[in-house]
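Source file: input.txt; contents: compact mmCIF, C-alpha atoms (C1' of nucleotides).
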# COMPACT_ATOMS: atom_id res chain seq x y z
CA MET A 154 -25.85 38.48 -19.30
CA LYS A 155 -28.02 38.50 -22.35
CA TRP A 156 -27.05 36.67 -25.46
CA THR A 157 -27.58 39.75 -27.58
CA ASP A 158 -24.94 41.69 -25.66
CA LEU A 159 -22.34 39.41 -27.16
CA ASP A 160 -22.33 41.05 -30.57
CA GLU A 161 -20.44 44.01 -29.14
CA ASN A 162 -18.04 41.90 -27.11
CA TRP A 163 -14.34 42.67 -27.31
CA CYS A 164 -13.68 39.05 -28.22
CA PRO A 165 -14.07 38.04 -31.86
CA VAL A 166 -15.02 34.52 -30.81
CA ALA A 167 -17.90 35.89 -28.77
CA ARG A 168 -19.05 38.08 -31.62
CA THR A 169 -19.03 35.13 -34.00
CA LEU A 170 -20.95 33.06 -31.51
CA SER A 171 -23.57 35.77 -31.24
CA VAL A 172 -24.49 34.76 -34.79
CA VAL A 173 -23.75 31.05 -35.11
CA GLY A 174 -23.40 29.99 -31.49
CA ASP A 175 -26.25 27.58 -31.11
CA ARG A 176 -26.93 24.00 -31.98
CA TRP A 177 -29.58 24.52 -34.61
CA THR A 178 -27.75 27.26 -36.45
CA LEU A 179 -24.64 25.12 -36.70
CA LEU A 180 -26.68 22.13 -37.86
CA ILE A 181 -28.29 24.26 -40.55
CA LEU A 182 -24.84 25.34 -41.67
CA ARG A 183 -23.78 21.70 -41.76
CA ASP A 184 -26.71 21.04 -44.09
CA CYS A 185 -25.66 23.92 -46.29
CA PHE A 186 -22.18 22.48 -46.60
CA LEU A 187 -23.81 19.18 -47.55
CA GLY A 188 -25.67 20.89 -50.36
CA LYS A 189 -29.09 21.37 -48.80
CA SER A 190 -30.76 24.71 -49.42
CA ARG A 191 -34.47 24.67 -48.60
CA PHE A 192 -36.58 25.37 -45.57
CA GLY A 193 -38.17 21.94 -45.60
CA GLU A 194 -34.84 20.17 -45.97
CA PHE A 195 -33.40 21.97 -42.97
CA ALA A 196 -36.44 21.22 -40.86
CA ALA A 197 -36.45 17.53 -41.77
CA SER A 198 -32.72 17.03 -41.52
CA THR A 199 -32.00 18.87 -38.29
CA GLY A 200 -35.15 17.88 -36.44
CA ALA A 201 -35.61 21.47 -35.28
CA THR A 202 -39.11 22.89 -35.27
CA ARG A 203 -40.18 25.02 -38.23
CA HIS A 204 -40.29 27.96 -35.88
CA ILE A 205 -36.62 27.56 -35.01
CA VAL A 206 -35.61 26.94 -38.61
CA ALA A 207 -37.36 30.14 -39.67
CA SER A 208 -35.73 32.24 -36.96
CA ARG A 209 -32.26 30.82 -37.57
CA LEU A 210 -32.43 31.25 -41.33
CA LYS A 211 -33.45 34.83 -40.77
CA ARG A 212 -30.47 35.45 -38.55
CA LEU A 213 -28.06 33.78 -40.99
CA VAL A 214 -29.39 35.85 -43.87
CA ASP A 215 -29.16 39.04 -41.80
CA ALA A 216 -25.56 38.18 -40.99
CA GLY A 217 -24.70 37.68 -44.65
CA ILE A 218 -23.85 34.02 -44.20
CA LEU A 219 -26.69 32.84 -46.40
CA THR A 220 -28.60 34.54 -49.18
CA LYS A 221 -32.24 33.94 -49.84
CA VAL A 222 -32.77 33.33 -53.55
CA ALA A 223 -36.26 32.89 -54.96
CA TYR A 224 -36.49 29.96 -57.35
CA SER A 225 -40.21 30.46 -57.76
CA ARG A 226 -42.52 33.41 -57.38
CA ARG A 227 -46.15 32.51 -56.98
CA PRO A 228 -45.91 30.53 -54.93
CA ALA A 229 -42.85 32.08 -53.33
CA ARG A 230 -40.17 29.45 -52.86
CA PHE A 231 -36.59 29.98 -51.82
CA ASP A 232 -33.12 28.55 -51.82
CA TYR A 233 -30.81 29.51 -49.01
CA GLN A 234 -27.31 29.62 -50.41
CA LEU A 235 -23.98 30.03 -48.68
CA THR A 236 -22.10 33.24 -49.36
CA ASP A 237 -18.31 33.38 -49.47
CA LYS A 238 -18.45 34.72 -45.94
CA GLY A 239 -20.48 31.69 -44.94
CA ARG A 240 -18.18 29.25 -46.66
CA GLU A 241 -15.32 30.53 -44.51
CA LEU A 242 -16.96 28.83 -41.54
CA SER A 243 -16.61 25.44 -43.19
CA PRO A 244 -13.33 24.53 -41.44
CA ALA A 245 -15.00 24.86 -38.04
CA LEU A 246 -17.66 22.35 -39.00
CA GLY A 247 -14.87 20.13 -40.29
CA VAL A 248 -13.25 20.18 -36.88
CA PHE A 249 -16.53 19.24 -35.22
CA ARG A 250 -17.07 16.42 -37.71
CA ASP A 251 -13.61 14.96 -37.18
CA TRP A 252 -13.86 15.34 -33.43
CA GLY A 253 -17.22 13.61 -33.35
CA LYS A 254 -15.96 10.77 -35.51
CA ALA A 255 -12.94 10.29 -33.31
CA HIS A 256 -14.44 10.70 -29.86
CA LEU A 257 -18.18 10.13 -30.03
CA PRO A 258 -18.79 6.88 -31.87
CA VAL A 259 -22.43 5.97 -32.28
CA ARG A 260 -23.33 3.36 -29.73
CA ARG A 261 -25.16 0.52 -31.47
CA ARG A 262 -25.93 -2.96 -30.31
CA ALA A 263 -24.34 -5.73 -32.37
CA LEU A 264 -24.01 -4.06 -35.70
CA SER A 265 -20.90 -6.08 -36.51
CA MET B 378 -36.64 17.37 -31.23
CA LYS B 379 -34.82 17.47 -27.94
CA TRP B 380 -31.25 18.56 -27.73
CA THR B 381 -30.29 15.40 -25.87
CA ASP B 382 -31.41 13.21 -28.75
CA LEU B 383 -28.53 14.55 -30.77
CA ASP B 384 -25.89 12.48 -29.02
CA GLU B 385 -27.04 9.38 -30.90
CA ASN B 386 -27.37 11.16 -34.22
CA TRP B 387 -25.84 9.54 -37.31
CA CYS B 388 -23.96 12.75 -37.99
CA PRO B 389 -20.66 13.30 -36.16
CA VAL B 390 -21.18 17.06 -36.29
CA ALA B 391 -24.50 16.69 -34.49
CA ARG B 392 -22.94 14.43 -31.86
CA THR B 393 -20.18 16.94 -31.24
CA LEU B 394 -22.71 19.73 -30.96
CA SER B 395 -24.64 17.74 -28.39
CA VAL B 396 -21.66 18.43 -26.13
CA VAL B 397 -20.23 21.80 -27.16
CA GLY B 398 -23.01 23.26 -29.28
CA ASP B 399 -24.01 26.26 -27.26
CA ARG B 400 -22.74 29.75 -26.75
CA TRP B 401 -21.64 29.48 -23.15
CA THR B 402 -19.89 26.16 -23.56
CA LEU B 403 -17.87 27.47 -26.47
CA LEU B 404 -17.03 30.65 -24.58
CA ILE B 405 -15.83 28.59 -21.64
CA LEU B 406 -13.65 26.60 -24.03
CA ARG B 407 -12.28 29.86 -25.43
CA ASP B 408 -11.33 30.83 -21.89
CA CYS B 409 -9.61 27.50 -21.40
CA PHE B 410 -7.54 28.06 -24.53
CA LEU B 411 -6.65 31.48 -23.13
CA GLY B 412 -5.34 29.85 -19.97
CA LYS B 413 -8.24 30.35 -17.59
CA SER B 414 -9.13 27.42 -15.38
CA ARG B 415 -11.42 28.40 -12.51
CA PHE B 416 -15.13 28.61 -11.94
CA GLY B 417 -14.99 32.26 -11.00
CA GLU B 418 -12.86 33.18 -13.99
CA PHE B 419 -15.30 31.55 -16.37
CA ALA B 420 -18.25 33.25 -14.74
CA ALA B 421 -16.61 36.68 -14.83
CA SER B 422 -15.16 36.38 -18.30
CA THR B 423 -18.11 34.90 -20.17
CA GLY B 424 -20.81 36.79 -18.32
CA ALA B 425 -22.83 33.61 -17.94
CA THR B 426 -24.60 33.04 -14.64
CA ARG B 427 -22.95 30.79 -12.09
CA HIS B 428 -25.77 28.35 -12.66
CA ILE B 429 -24.93 28.06 -16.35
CA VAL B 430 -21.20 27.88 -15.73
CA ALA B 431 -21.71 25.04 -13.26
CA SER B 432 -23.88 23.03 -15.63
CA ARG B 433 -21.59 23.57 -18.62
CA LEU B 434 -18.46 22.65 -16.70
CA LYS B 435 -20.19 19.50 -15.55
CA ARG B 436 -21.01 18.55 -19.11
CA LEU B 437 -17.50 19.28 -20.34
CA VAL B 438 -15.98 17.17 -17.60
CA ASP B 439 -18.43 14.33 -18.30
CA ALA B 440 -17.44 14.48 -21.96
CA GLY B 441 -13.74 14.25 -21.10
CA ILE B 442 -12.97 17.65 -22.58
CA LEU B 443 -11.94 19.09 -19.22
CA THR B 444 -10.68 17.48 -16.07
CA LYS B 445 -11.45 18.78 -12.63
CA VAL B 446 -8.29 18.98 -10.57
CA ALA B 447 -8.41 19.97 -6.92
CA TYR B 448 -5.81 22.56 -6.00
CA SER B 449 -7.11 22.80 -2.48
CA ARG B 450 -9.05 20.49 -0.24
CA ARG B 451 -10.79 22.19 2.63
CA PRO B 452 -12.03 24.37 1.28
CA ALA B 453 -12.48 22.43 -1.96
CA ARG B 454 -11.18 24.45 -4.89
CA PHE B 455 -10.68 23.27 -8.44
CA ASP B 456 -8.90 23.91 -11.68
CA TYR B 457 -10.60 22.86 -14.87
CA GLN B 458 -7.93 21.77 -17.31
CA LEU B 459 -8.17 20.87 -20.97
CA THR B 460 -7.52 17.27 -21.89
CA ASP B 461 -5.86 16.27 -25.16
CA LYS B 462 -9.33 15.53 -26.43
CA GLY B 463 -10.38 19.03 -25.51
CA ARG B 464 -7.35 20.63 -27.10
CA GLU B 465 -8.34 19.07 -30.42
CA LEU B 466 -11.26 21.50 -30.53
CA SER B 467 -8.91 24.46 -30.57
CA PRO B 468 -8.88 24.85 -34.39
CA ALA B 469 -12.64 25.37 -34.40
CA LEU B 470 -12.33 28.26 -31.98
CA GLY B 471 -9.55 29.60 -34.17
CA VAL B 472 -11.91 29.66 -37.13
CA PHE B 473 -14.51 31.53 -35.10
CA ARG B 474 -11.91 34.03 -33.91
CA ASP B 475 -10.63 34.73 -37.41
CA TRP B 476 -14.13 34.94 -38.83
CA GLY B 477 -15.21 37.36 -36.14
CA LYS B 478 -12.14 39.53 -36.68
CA ALA B 479 -12.72 39.61 -40.42
CA HIS B 480 -16.47 40.04 -40.57
CA LEU B 481 -17.73 41.42 -37.28
CA PRO B 482 -15.64 44.43 -36.37
CA VAL B 483 -16.59 46.09 -33.12
CA ARG B 484 -18.57 49.21 -33.81
CA ARG B 485 -17.15 52.07 -31.77
CA ARG B 486 -17.71 55.75 -32.10
CA ALA B 487 -14.62 57.81 -32.91
CA LEU B 488 -11.92 55.70 -31.36
CA SER B 489 -9.38 56.83 -33.94
C1' DT C 1080 -64.22 21.08 -59.69
C1' DT C 1081 -63.29 19.15 -55.45
C1' DT C 1082 -59.58 16.92 -53.16
C1' DT C 1083 -55.09 16.09 -51.95
C1' DG C 1084 -50.38 17.43 -51.62
C1' DT C 1085 -46.28 20.60 -51.33
C1' DC C 1086 -43.68 24.42 -49.65
C1' DT C 1087 -42.76 28.23 -46.52
C1' DG C 1088 -43.92 30.16 -42.88
C1' DT C 1089 -46.87 31.88 -38.65
C1' DT C 1090 -49.53 31.26 -34.44
C1' DC C 1091 -50.78 29.08 -30.23
C1' DT C 1092 -50.08 26.77 -25.78
C1' DT C 1093 -47.24 24.30 -22.86
C1' DA C 1094 -42.72 22.84 -21.19
C1' DT C 1095 -37.93 23.72 -20.52
C1' DT C 1096 -34.04 26.68 -19.95
C1' DT C 1097 -32.02 30.92 -18.57
C1' DG C 1098 -31.26 35.20 -15.89
C1' DG C 1099 -30.44 37.45 -11.63
C1' DA C 1100 -29.83 37.52 -7.09
C1' DA C 1101 -29.43 35.57 -2.58
C1' DC C 1102 -27.71 31.78 0.22
C1' DT C 1103 -24.28 28.00 1.74
C1' DT C 1104 -20.00 25.96 3.06
C1' DT C 1105 -15.20 26.14 4.33
C1' DG C 1106 -11.71 28.41 5.33
C1' DC C 1107 -8.23 32.99 5.52
C1' DG C 1108 -6.39 37.36 7.37
C1' DC C 1109 -7.13 40.97 10.68
C1' DG D 17 -15.49 37.43 15.85
C1' DC D 18 -15.94 40.01 11.23
C1' DG D 19 -15.65 40.60 6.69
C1' DC D 20 -14.03 38.40 2.50
C1' DA D 21 -13.23 34.82 -1.07
C1' DA D 22 -14.20 30.58 -3.91
C1' DA D 23 -17.27 27.31 -5.76
C1' DG D 24 -21.43 26.05 -6.05
C1' DT D 25 -26.71 25.62 -5.05
C1' DT D 26 -31.36 27.31 -4.66
C1' DC D 27 -35.28 30.16 -5.78
C1' DC D 28 -38.49 32.70 -8.70
C1' DA D 29 -39.49 35.37 -12.76
C1' DA D 30 -38.60 35.88 -17.57
C1' DA D 31 -37.21 34.23 -22.01
C1' DT D 32 -36.85 30.54 -25.23
C1' DA D 33 -38.02 26.18 -27.30
C1' DA D 34 -41.14 22.21 -28.32
C1' DG D 35 -45.09 20.40 -30.64
C1' DA D 36 -48.87 20.78 -33.22
C1' DA D 37 -52.20 23.17 -35.86
C1' DC D 38 -53.24 26.76 -39.15
C1' DA D 39 -52.58 29.69 -43.48
C1' DG D 40 -51.59 31.21 -48.13
C1' DA D 41 -50.58 29.97 -52.82
C1' DC D 42 -50.30 27.17 -55.87
C1' DA D 43 -49.89 22.06 -58.76
C1' DA D 44 -51.61 17.66 -59.92
C1' DA D 45 -54.86 14.04 -59.50
C1' DA D 46 -59.60 12.19 -59.25

Would you mind writing the file out in structure tokens?
Amino acid sequence: MKWTDLDENWCPVARTLSVVGDRWTLLILRDCFLGKSRFGEFAASTGATRHIVASRLKRLVDAGILTKVAYSRRPARFDYQLTDKGRELSPALGVFRDWGKAHLPVRRRALS
Amino acid sequence: MKWTDLDENWCPVARTLSVVGDRWTLLILRDCFLGKSRFGEFAASTGATRHIVASRLKRLVDAGILTKVAYSRRPARFDYQLTDKGRELSPALGVFRDWGKAHLPVRRRALS
DNA sequence: TTTTGTCTGTTCTTATTTGGAACTTTGCGC
DNA sequence: GCGCAAAGTTCCAAATAAGAACAGACAAAA
């Protein structure tokens, strides 16, 4: 089955995942909740390629989760800001954060 | 950046996503929360290929989110059951479900 | 004024992952 | 024995991602 078929799925979880259901998209959203808003910040912070960042931002804007606001014309520069709709996803990221803290400690050698 | 590098990321969200951060994995988890537990059920319900289902189940078991319990030896047949650790992810799926219900209604022609 | 740097993308080629279908193994019921 | 089921595995083609370079439009420095 194709990923794109999911947006018409009977299940609301599947439909949501058709928009935000991949690693990079969710990491970009994490950045948004941390206050980041620019293309370069997302690319640097997530480690995704610029290509991926561009495609994911496009999808998030299309879905109404982010809005693209120009803070400079000539040269064109943009902020990507969370909409109210986007902010409603915050609790999910919170769950992932808490779960990661609790169950996936960073393995480091002799930090103590 | 490779997906696998994420499991050592400083960010707990990124580490969590290194395990559950893809569409099919999250759909399989949804099925688990709905009471499904078998390979065939996951494959049929999610629409993912058997190949994908196999690899995702393997990852979830490795991460301690599911346990593989044999309900038949010869032929070998298994149930995949949520662990307590896995059940802690339930609220995240709840957020996705509610968000999908609220913002991504299924478009149908003249059902009313 | 030439150079360097920044920001937001796009394009290109290669590598990895996925999709789709067939095949395997181990039985069961007829 | 014959067809069927469950849980995977294997194979090849197609789609997606990685990595790096390139581009356009400026600003600031040399």

Onto chain A, please fit chain B by least squares using all C-alpha atoms in order, then return the transformed chain as a short mmCIF file (atom, residue, chain, number, x, y, z; two decimals) with C-alpha atoms, in the frame of the given file.
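Written file, superposed_8.cif:
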data_model
loop_
_atom_site.label_atom_id
_atom_site.label_comp_id
_atom_site.auth_asym_id
_atom_site.auth_seq_id
_atom_site.Cartn_x
_atom_site.Cartn_y
_atom_site.Cartn_z
CA MET B 378 -25.99 38.44 -19.46
CA LYS B 379 -28.15 38.38 -22.54
CA TRP B 380 -27.09 36.56 -25.62
CA THR B 381 -27.63 39.64 -27.76
CA ASP B 382 -25.07 41.61 -25.78
CA LEU B 383 -22.39 39.39 -27.22
CA ASP B 384 -22.37 41.03 -30.63
CA GLU B 385 -20.50 44.02 -29.20
CA ASN B 386 -18.11 41.92 -27.16
CA TRP B 387 -14.38 42.71 -27.34
CA CYS B 388 -13.72 39.10 -28.24
CA PRO B 389 -14.08 38.08 -31.89
CA VAL B 390 -15.02 34.55 -30.84
CA ALA B 391 -17.91 35.90 -28.78
CA ARG B 392 -19.07 38.09 -31.67
CA THR B 393 -19.03 35.13 -34.02
CA LEU B 394 -20.96 33.05 -31.52
CA SER B 395 -23.58 35.76 -31.27
CA VAL B 396 -24.49 34.74 -34.81
CA VAL B 397 -23.74 31.02 -35.13
CA GLY B 398 -23.35 29.95 -31.52
CA ASP B 399 -26.22 27.56 -31.12
CA ARG B 400 -26.92 23.98 -31.98
CA TRP B 401 -29.57 24.48 -34.61
CA THR B 402 -27.74 27.24 -36.44
CA LEU B 403 -24.63 25.12 -36.72
CA LEU B 404 -26.65 22.12 -37.86
CA ILE B 405 -28.29 24.24 -40.54
CA LEU B 406 -24.83 25.34 -41.66
CA ARG B 407 -23.75 21.69 -41.77
CA ASP B 408 -26.70 21.03 -44.07
CA CYS B 409 -25.67 23.92 -46.28
CA PHE B 410 -22.17 22.48 -46.61
CA LEU B 411 -23.80 19.17 -47.54
CA GLY B 412 -25.68 20.89 -50.35
CA LYS B 413 -29.09 21.39 -48.80
CA SER B 414 -30.76 24.72 -49.43
CA ARG B 415 -34.46 24.68 -48.57
CA PHE B 416 -36.55 25.40 -45.53
CA GLY B 417 -38.14 21.98 -45.56
CA GLU B 418 -34.82 20.20 -45.96
CA PHE B 419 -33.37 21.99 -42.96
CA ALA B 420 -36.42 21.24 -40.86
CA ALA B 421 -36.42 17.55 -41.78
CA SER B 422 -32.69 17.04 -41.53
CA THR B 423 -31.94 18.87 -38.30
CA GLY B 424 -35.12 17.91 -36.49
CA ALA B 425 -35.58 21.49 -35.33
CA THR B 426 -39.10 22.89 -35.34
CA ARG B 427 -40.16 25.04 -38.27
CA HIS B 428 -40.29 27.95 -35.87
CA ILE B 429 -36.62 27.53 -34.98
CA VAL B 430 -35.57 26.95 -38.58
CA ALA B 431 -37.33 30.14 -39.64
CA SER B 432 -35.69 32.25 -36.95
CA ARG B 433 -32.23 30.80 -37.54
CA LEU B 434 -32.41 31.24 -41.29
CA LYS B 435 -33.44 34.83 -40.73
CA ARG B 436 -30.43 35.44 -38.54
CA LEU B 437 -28.05 33.77 -40.97
CA VAL B 438 -29.36 35.84 -43.85
CA ASP B 439 -29.13 39.04 -41.78
CA ALA B 440 -25.52 38.17 -40.97
CA GLY B 441 -24.69 37.67 -44.65
CA ILE B 442 -23.83 34.01 -44.18
CA LEU B 443 -26.68 32.86 -46.40
CA THR B 444 -28.57 34.56 -49.16
CA LYS B 445 -32.22 33.95 -49.85
CA VAL B 446 -32.76 33.33 -53.54
CA ALA B 447 -36.25 32.90 -54.94
CA TYR B 448 -36.56 29.95 -57.28
CA SER B 449 -40.26 30.49 -57.69
CA ARG B 450 -42.52 33.47 -57.32
CA ARG B 451 -46.16 32.62 -56.84
CA PRO B 452 -45.97 30.61 -54.83
CA ALA B 453 -42.87 32.13 -53.25
CA ARG B 454 -40.19 29.49 -52.78
CA PHE B 455 -36.59 30.03 -51.79
CA ASP B 456 -33.14 28.56 -51.80
CA TYR B 457 -30.80 29.52 -49.01
CA GLN B 458 -27.30 29.63 -50.42
CA LEU B 459 -23.97 30.05 -48.68
CA THR B 460 -22.08 33.25 -49.35
CA ASP B 461 -18.29 33.39 -49.48
CA LYS B 462 -18.45 34.71 -45.95
CA GLY B 463 -20.47 31.70 -44.94
CA ARG B 464 -18.17 29.25 -46.67
CA GLU B 465 -15.31 30.52 -44.52
CA LEU B 466 -16.97 28.82 -41.55
CA SER B 467 -16.61 25.43 -43.19
CA PRO B 468 -13.32 24.52 -41.43
CA ALA B 469 -14.99 24.87 -38.04
CA LEU B 470 -17.64 22.34 -39.00
CA GLY B 471 -14.85 20.12 -40.27
CA VAL B 472 -13.24 20.19 -36.84
CA PHE B 473 -16.53 19.25 -35.20
CA ARG B 474 -17.05 16.42 -37.68
CA ASP B 475 -13.59 14.97 -37.13
CA TRP B 476 -13.84 15.36 -33.37
CA GLY B 477 -17.21 13.64 -33.29
CA LYS B 478 -15.94 10.78 -35.44
CA ALA B 479 -12.90 10.32 -33.23
CA HIS B 480 -14.42 10.73 -29.80
CA LEU B 481 -18.16 10.14 -29.98
CA PRO B 482 -18.76 6.89 -31.81
CA VAL B 483 -22.39 5.95 -32.20
CA ARG B 484 -23.30 3.30 -29.70
CA ARG B 485 -25.15 0.50 -31.47
CA ARG B 486 -25.91 -2.97 -30.31
CA ALA B 487 -24.37 -5.77 -32.37
CA LEU B 488 -24.15 -4.13 -35.75
CA SER B 489 -21.07 -6.15 -36.66
#

Restrict the distance test to all atoms listed in the file, flag each residue of chain C within 9 Å of chain B, and return the flagged residues as a PDB file with C-alpha atoms (C1' of nucleotides), in the frame of the given file.
ATOM      1  C1'  DT C1097     -32.020  30.920 -18.570  1.00  0.00           C
ATOM      2  C1'  DG C1098     -31.260  35.200 -15.890  1.00  0.00           C
ATOM      3  C1'  DG C1099     -30.440  37.450 -11.630  1.00  0.00           C
ATOM      4  C1'  DT C1104     -20.000  25.960   3.060  1.00  0.00           C
ATOM      5  C1'  DT C1105     -15.200  26.140   4.330  1.00  0.00           C
ATOM      6  C1'  DG C1106     -11.710  28.410   5.330  1.00  0.00           C
TER       7       DG C1106
END

Compile a residue-level contact table for chain D against chain A at a cut-off of 10 Å, reporting for every qualifying residue the shortest atom pair and its distance in Å to one decimal, with only C-alpha atoms (C1' of nucleotides) counted, rows ordered by chain and ascending number, as a Markdown table.
| residue | atom | partner | partner_atom | distance |
| --- | --- | --- | --- | --- |
| D:DA33 | C1' | A:Ile205 | CA | 8.0 |
| D:DA34 | C1' | A:Thr202 | CA | 7.3 |
| D:DG35 | C1' | A:Thr202 | CA | 8.0 |
| D:DG40 | C1' | A:Pro228 | CA | 8.9 |
| D:DA41 | C1' | A:Pro228 | CA | 5.2 |
| D:DC42 | C1' | A:Pro228 | CA | 5.6 |

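With all atoms listed in the file as the atoms that count, the minimum distance from chain B to the choices A:Thr220, A:Ser190, A:Ser198, A:Ser208 is reached by A:Ser198.
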
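What separates C1' of DA22 in chain D from CA of Arg454 in chain B is a distance of 6.9 Å.
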
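CA of Phe473 in chain B sits 12.5 Å away from CA of Gly247 in chain A.
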
### Task
Select all residues from chain B having any atom no more than 7 Å from an atom of chain A (counting only C-alpha atoms, ignoring ligands), output as an MDAnalysis selection string.
chainID B and resid 378 385 389:394 398:400 404 424:425 466 468:470 472:474 476:478 481 483

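One distance worth recording is that between CA of Gly417 in chain B and C1' of DT1096 in chain C, which is 21.8 Å.
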
### Query
Leaving out DT25 in chain D and any residue of its chain fewer than 6 positions from it, which residues lie within 10 Å of it when counting all atoms listed in the file, given as a ChimeraX atom specification?
/B:427-428,431 /C:1102-1103

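Proximity of A:Leu235, A:Val206, A:Leu187, A:Leu213 to DT1087 in chain C, computed with all atoms listed in the file, is greatest for A:Val206.
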